[in-house]
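Engineer: Below you will find the structure I want to go over with you.
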Amino acid sequence: MAHLRSRRRLALAVPVALSLTASLGFLPAPASAAPAAAGAVRAADDGARLAYVVNTGTDRRTIESVQREITRNGGSIVAGYDRIGVFVVHSADPDFAARMRAVRGVDSAGATRTAPLSAAGTTDEGAVQVLSKAEVARLAEAAAPGEEPLEADQWDLRAIGADAAARINPGSRSVTVGVIDTGVDDTHPDIAPNFSASQSANCVSGKADTTYGAWRPADAAHYHGTHVAGEIAAARNGVGVAGVAPGVKVASITVAQPDATALFYPESVVCAFVFAADHGIQITNNSYYVDPWLYNCMDDPDQRAIVDAVNRAQLYAQRKGTLNVAAAGNSNDDLDAHALVDASSPDDSTATTRTVDPHECFDVPTQLPGVVTVSSVGVKGAKSYYSSYGQGVIDVAGPGGDKYQIPDTPSKNGRVLSTLPNDQYGFLQGTSMASPHVAAVAALLKSAHPHATPAQLQALLKAEADNPGCPSGPYDGDGDGVVDATCAGGKRVNGFYGFGVVDALRAVTR
């Protein structure tokens with residue numbers, strides 16, 4: 001599960017051209033290049049199939065023409081998203097992408113992975129701490145009247161006023177948050193009351209599978225999505241924990257490969273955004289980055305095609321009324337830097353070390369226009385030691401946990417407690433945990449302002465947030481005496497917290 005936001009997550013300013021069009025044909029060529037992966041060449045030489053995205057115009061004539069050319073050039077269409085001009089294709093021809101880029105009407109085309117198709121990353125930091133049944137029973141004894149059995153350990157709810165907000169407005173049943181992740185165990189007693197099966201699917205192949213239960217995690221090791229779902233909408237039903245928005249619905253759109261890698265490939269995420277948009281999901285939570293590239297550099301044709309395809313899909317979702325919220329990453333990186341080292345890409349074959357400019361090489365979907373980028377704080381309200389940051393990059397912050405910031409709770413655990421598959425509970429920390437807190441507050445705002453557009457919801461999130469400002473002295477997140485990060489900006493907006501830490505109580509009272 002290393003991929004789930006335990007890897008770097010960037011969200012710097014995207015060129016204006018990218019925000020104006022889903023096609024990247026008018027973007028300036030960036031200065032930094034991304035080397036082609038040797039794994040891609042080997043896979044193709046062996047005649048193994050790779051997955052591709054082919055991006056084109058949306059008029060019927062162009063769609064039909066490109067579709068014929070895909071077949072003529074040895075491609076097999078898995079899914080066609082005509083409304084955004086994206087085809088998901090499999091091919092064993094090593095020259096398939098190059099051939100398609102020469103086809104009239106094709107804006108971009110490229111491989112979405114560097115290893116052959118096989119018969120899934122995310123942003124949690126460290127291993128999950130699963131509570132035993134005995135620990136659950138012991139902790140439940142500390143619950144106060146009117147609290148959920150394990151709520152005493154949920155410092156994160158109190159940090160943003162979610163406990164008080166639930167007594168005023170727990171959220172509307174007409175609002176659904178889609179968890180684009182590893183799958184959600186909808187049979188969990190804390191999730192089942194608020195789960196929306198009709199808005200859930202499995203998008204792993206690039207084509208939505210709505211077979212009943214297809215949205216569930218492949219196994220208990222794919223716990224990430226269930227934890228996220230509980231943070232958002234665990235019911236106040238006298239069982240376990242409570243979510244930030246316990247009155248809204250939650251849906252599962254599974255995009256992680258079902259094996260131990262749990263990789264999130266572009267075609268799966270394209271499918272997820274389109275499915276969310278077409279099924280009335282108002283908020284999506286994205287606690288991951290799209291594999292196999294941590295950063296997608298625009299002068300590499302494969303990576304350019306990935307940015308193009310996913311951006312078309314998420315812009316389509318925004319146009320249909322969906323707000324997309326994403327985690328900022330756990331590398332404690334200054335995302336407004338001019339150079340960062342990426343030693344993890346591609347993560348599905350042999351990684352190479354490269355230096356990238358995150359203003360030109362994009363983390364997807366976080367850096368895409370209109371996506372809310374979230375940093376993490378601990379119980380003291382300070383930036384989590386692992387959380388990436390950056391002036392002009394972070395929109396808002398949320399509780400993601402920090403093992404060095406110790407709360408006065410029964411477990412004295414600075415991580416975030418939530419649901420796990422098979423009726424279990426456990427602690428996790430990461431910007432993966434911060435993002436769903438923000439998505440849930442956005443759901444409360446949507447409940448209070450049902451006609452608000454995604455842009456208006458983002459503005460409301462920023463307006464109700466509480467900004468602690470930059471630290472008065474050097475920032476030493478792990479307490480080792482070394483300055484770990486420098487905060488730029490002022491009290492209103494800065495690189496650590498953006499416009500501030502979200503506030504659930506303000507969301508339902510203002």
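Residue numbering restarts at 1 for every chain of the structure tokens, chains are lettered A, B, ... in their displayed order, and ligands are numbered from 1 as they appear.
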Quick one: residues within 8 Å of segment 126-129 of chain A, only C-alpha atoms counted, chain neighbours fewer than 5 positions away excluded, as a PyMOL selection string?
Structural biologist: chain A and resi 6+426-429
Engineer: Store the residues picked out above in a file with all heavy atoms, as a PDB file, in the first residue's frame.
Structural biologist:
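Output saved as out29.pdb:
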```pdb
ATOM      1  N   SER A   6       1.525   7.835   0.478  1.00  0.00           N
ATOM      2  CA  SER A   6       2.777   7.796   1.223  1.00  0.00           C
ATOM      3  C   SER A   6       3.893   8.233   0.312  1.00  0.00           C
ATOM      4  O   SER A   6       5.015   8.369   0.704  1.00  0.00           O
ATOM      5  CB  SER A   6       3.046   6.385   1.739  1.00  0.00           C
ATOM      6  OG  SER A   6       3.100   5.473   0.687  1.00  0.00           O
ATOM      7  N   GLY A 426      -8.929   0.963  12.939  1.00  0.00           N
ATOM      8  CA  GLY A 426      -7.494   1.133  13.059  1.00  0.00           C
ATOM      9  C   GLY A 426      -7.064   2.565  12.858  1.00  0.00           C
ATOM     10  O   GLY A 426      -7.825   3.407  12.364  1.00  0.00           O
ATOM     11  N   PHE A 427      -5.815   2.848  13.261  1.00  0.00           N
ATOM     12  CA  PHE A 427      -5.222   4.172  13.143  1.00  0.00           C
ATOM     13  C   PHE A 427      -4.335   4.250  11.902  1.00  0.00           C
ATOM     14  O   PHE A 427      -3.551   3.346  11.632  1.00  0.00           O
ATOM     15  CB  PHE A 427      -4.362   4.476  14.373  1.00  0.00           C
ATOM     16  CG  PHE A 427      -5.130   4.709  15.638  1.00  0.00           C
ATOM     17  CD1 PHE A 427      -5.334   3.671  16.545  1.00  0.00           C
ATOM     18  CD2 PHE A 427      -5.636   5.959  15.946  1.00  0.00           C
ATOM     19  CE1 PHE A 427      -6.019   3.878  17.727  1.00  0.00           C
ATOM     20  CE2 PHE A 427      -6.329   6.182  17.128  1.00  0.00           C
ATOM     21  CZ  PHE A 427      -6.520   5.142  18.017  1.00  0.00           C
ATOM     22  N   LEU A 428      -4.449   5.355  11.174  1.00  0.00           N
ATOM     23  CA  LEU A 428      -3.570   5.682  10.052  1.00  0.00           C
ATOM     24  C   LEU A 428      -3.254   7.173  10.109  1.00  0.00           C
ATOM     25  O   LEU A 428      -4.019   7.964  10.689  1.00  0.00           O
ATOM     26  CB  LEU A 428      -4.243   5.368   8.714  1.00  0.00           C
ATOM     27  CG  LEU A 428      -4.219   3.930   8.199  1.00  0.00           C
ATOM     28  CD1 LEU A 428      -5.128   3.792   6.984  1.00  0.00           C
ATOM     29  CD2 LEU A 428      -2.801   3.506   7.844  1.00  0.00           C
ATOM     30  N   GLN A 429      -2.146   7.566   9.502  1.00  0.00           N
ATOM     31  CA  GLN A 429      -1.834   8.981   9.347  1.00  0.00           C
ATOM     32  C   GLN A 429      -1.391   9.227   7.912  1.00  0.00           C
ATOM     33  O   GLN A 429      -0.928   8.323   7.228  1.00  0.00           O
ATOM     34  CB  GLN A 429      -0.738   9.412  10.315  1.00  0.00           C
ATOM     35  CG  GLN A 429       0.607   8.748  10.077  1.00  0.00           C
ATOM     36  CD  GLN A 429       1.684   9.234  11.033  1.00  0.00           C
ATOM     37  OE1 GLN A 429       1.433   9.985  11.962  1.00  0.00           O
ATOM     38  NE2 GLN A 429       2.920   8.804  10.788  1.00  0.00           N
TER      39      GLN A 429
END
```
Engineer: Would you mind listing what lies within 12 Å of segment 134-142 of chain A as a ChimeraX atom specification, with only C-alpha atoms counted and same-chain residues fewer than 3 positions away left out?
Structural biologist: /A:129-131,145-154,238-241,409-412,417-419,423-426
Engineer: I'd like the contact shell of Asp363 of chain A - 10 Å cut-off, only C-alpha atoms, skipping same-chain residues fewer than 2 positions apart - returned as a ChimeraX atom specification.
Structural biologist: /A:8-12,288-291,293-297,307,328-329,358-361,365-368
Engineer: When distances are computed from only C-alpha atoms, which of A:Val78, A:Ile191, A:Ala434, A:Ala277 shows the smallest separation from Arg319 of chain A?
Structural biologist: A:Ala277
Engineer: Give the alpha helix (DSSP H) residues of segment 355-437 of chain A, as assigned by DSSP on the backbone, as an MDAnalysis selection string.
Structural biologist: chainID A and resid 431:437
Engineer: Output N, CA and C atoms for every residue in the selection just made, as a tab-separated table (two decimals), in the first residue's frame.
Structural biologist:
```
chain	number	residue	atom	x	y	z
A	431	THR	N	-1.59	12.49	4.45
A	431	THR	CA	-2.47	13.42	3.76
A	431	THR	C	-3.67	12.67	3.18
A	432	SER	N	-3.54	11.34	3.07
A	432	SER	CA	-4.68	10.49	2.70
A	432	SER	C	-5.83	10.66	3.69
A	433	MET	N	-5.49	10.93	4.95
A	433	MET	CA	-6.50	11.09	5.98
A	433	MET	C	-7.00	12.54	6.06
A	434	ALA	N	-6.12	13.49	5.70
A	434	ALA	CA	-6.53	14.89	5.70
A	434	ALA	C	-7.55	15.18	4.61
A	435	SER	N	-7.31	14.62	3.43
A	435	SER	CA	-8.18	14.90	2.29
A	435	SER	C	-9.64	14.52	2.54
A	436	PRO	N	-9.96	13.33	3.10
A	436	PRO	CA	-11.37	13.02	3.34
A	436	PRO	C	-12.04	13.92	4.38
A	437	HIS	N	-11.26	14.46	5.32
A	437	HIS	CA	-11.85	15.43	6.24
A	437	HIS	C	-12.33	16.65	5.47
```
Engineer: Return as a PyMOL selection string the full set of residues in segment 182-409 of chain A whose backbone-based DSSP assignment is strand (DSSP E).
Structural biologist: chain A and resi 201-202+249-254+283-286+296-297+323-327+340-342+354-356+361-362+372-377+396-399
Engineer: Report as a PyMOL selection string all protein, DNA and RNA residues lying within 12 Å of Gly280 of chain A, evaluated on only C-alpha atoms, omitting residues in the same chain fewer than 3 positions from it.
Structural biologist: chain A and resi 174-178+196+198-200+249-251+273-277+283-284+317-323
Engineer: Using only C-alpha atoms, which of A:Lys380, A:Pro292, A:Tyr389, A:Ala159 sits nearest Thr352 of chain A?
Structural biologist: A:Pro292
Engineer: Considering only C-alpha atoms, can you say which of A:Ala143, A:Ala92, A:Ala197, A:Val356 comes closest to Thr210 of chain A?
Structural biologist: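 Closest candidate: A:Ala197.
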Engineer: Write out as a ChimeraX atom specification each polymer residue whose atoms come within 9 Å of Arg415 of chain A, counting only C-alpha atoms; drop sequence neighbours fewer than 2 positions from it.
Structural biologist: /A:156,378-379,400-403,405-406,413,417,427-430
Engineer: Show which residues sit within 12 Å of Pro454 of chain A, as a PyMOL selection string. Count only C-alpha atoms, and ignore same-chain residues fewer than 3 positions away.
Structural biologist: chain A and resi 281-284+314-325+369-372+439+442-443+445-446+449-451+457-461
Engineer: Could you state the separation of atom CA of Thr112 of chain A and atom CA of Leu50 of chain A in Å, given to one decimal place?
Structural biologist: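 So the two atoms, atom CA of Thr112 of chain A and atom CA of Leu50 of chain A, lie 7.7 Å apart.
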Engineer: Residues within 8 Å of Ala220 of chain A, please, as a list in words. Count only C-alpha atoms; anything in the same chain fewer than 3 positions from it doesn't count.
Structural biologist: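 The residues that qualify are Pro217, Tyr223, Leu420, Pro421 and Asn422 of chain A.
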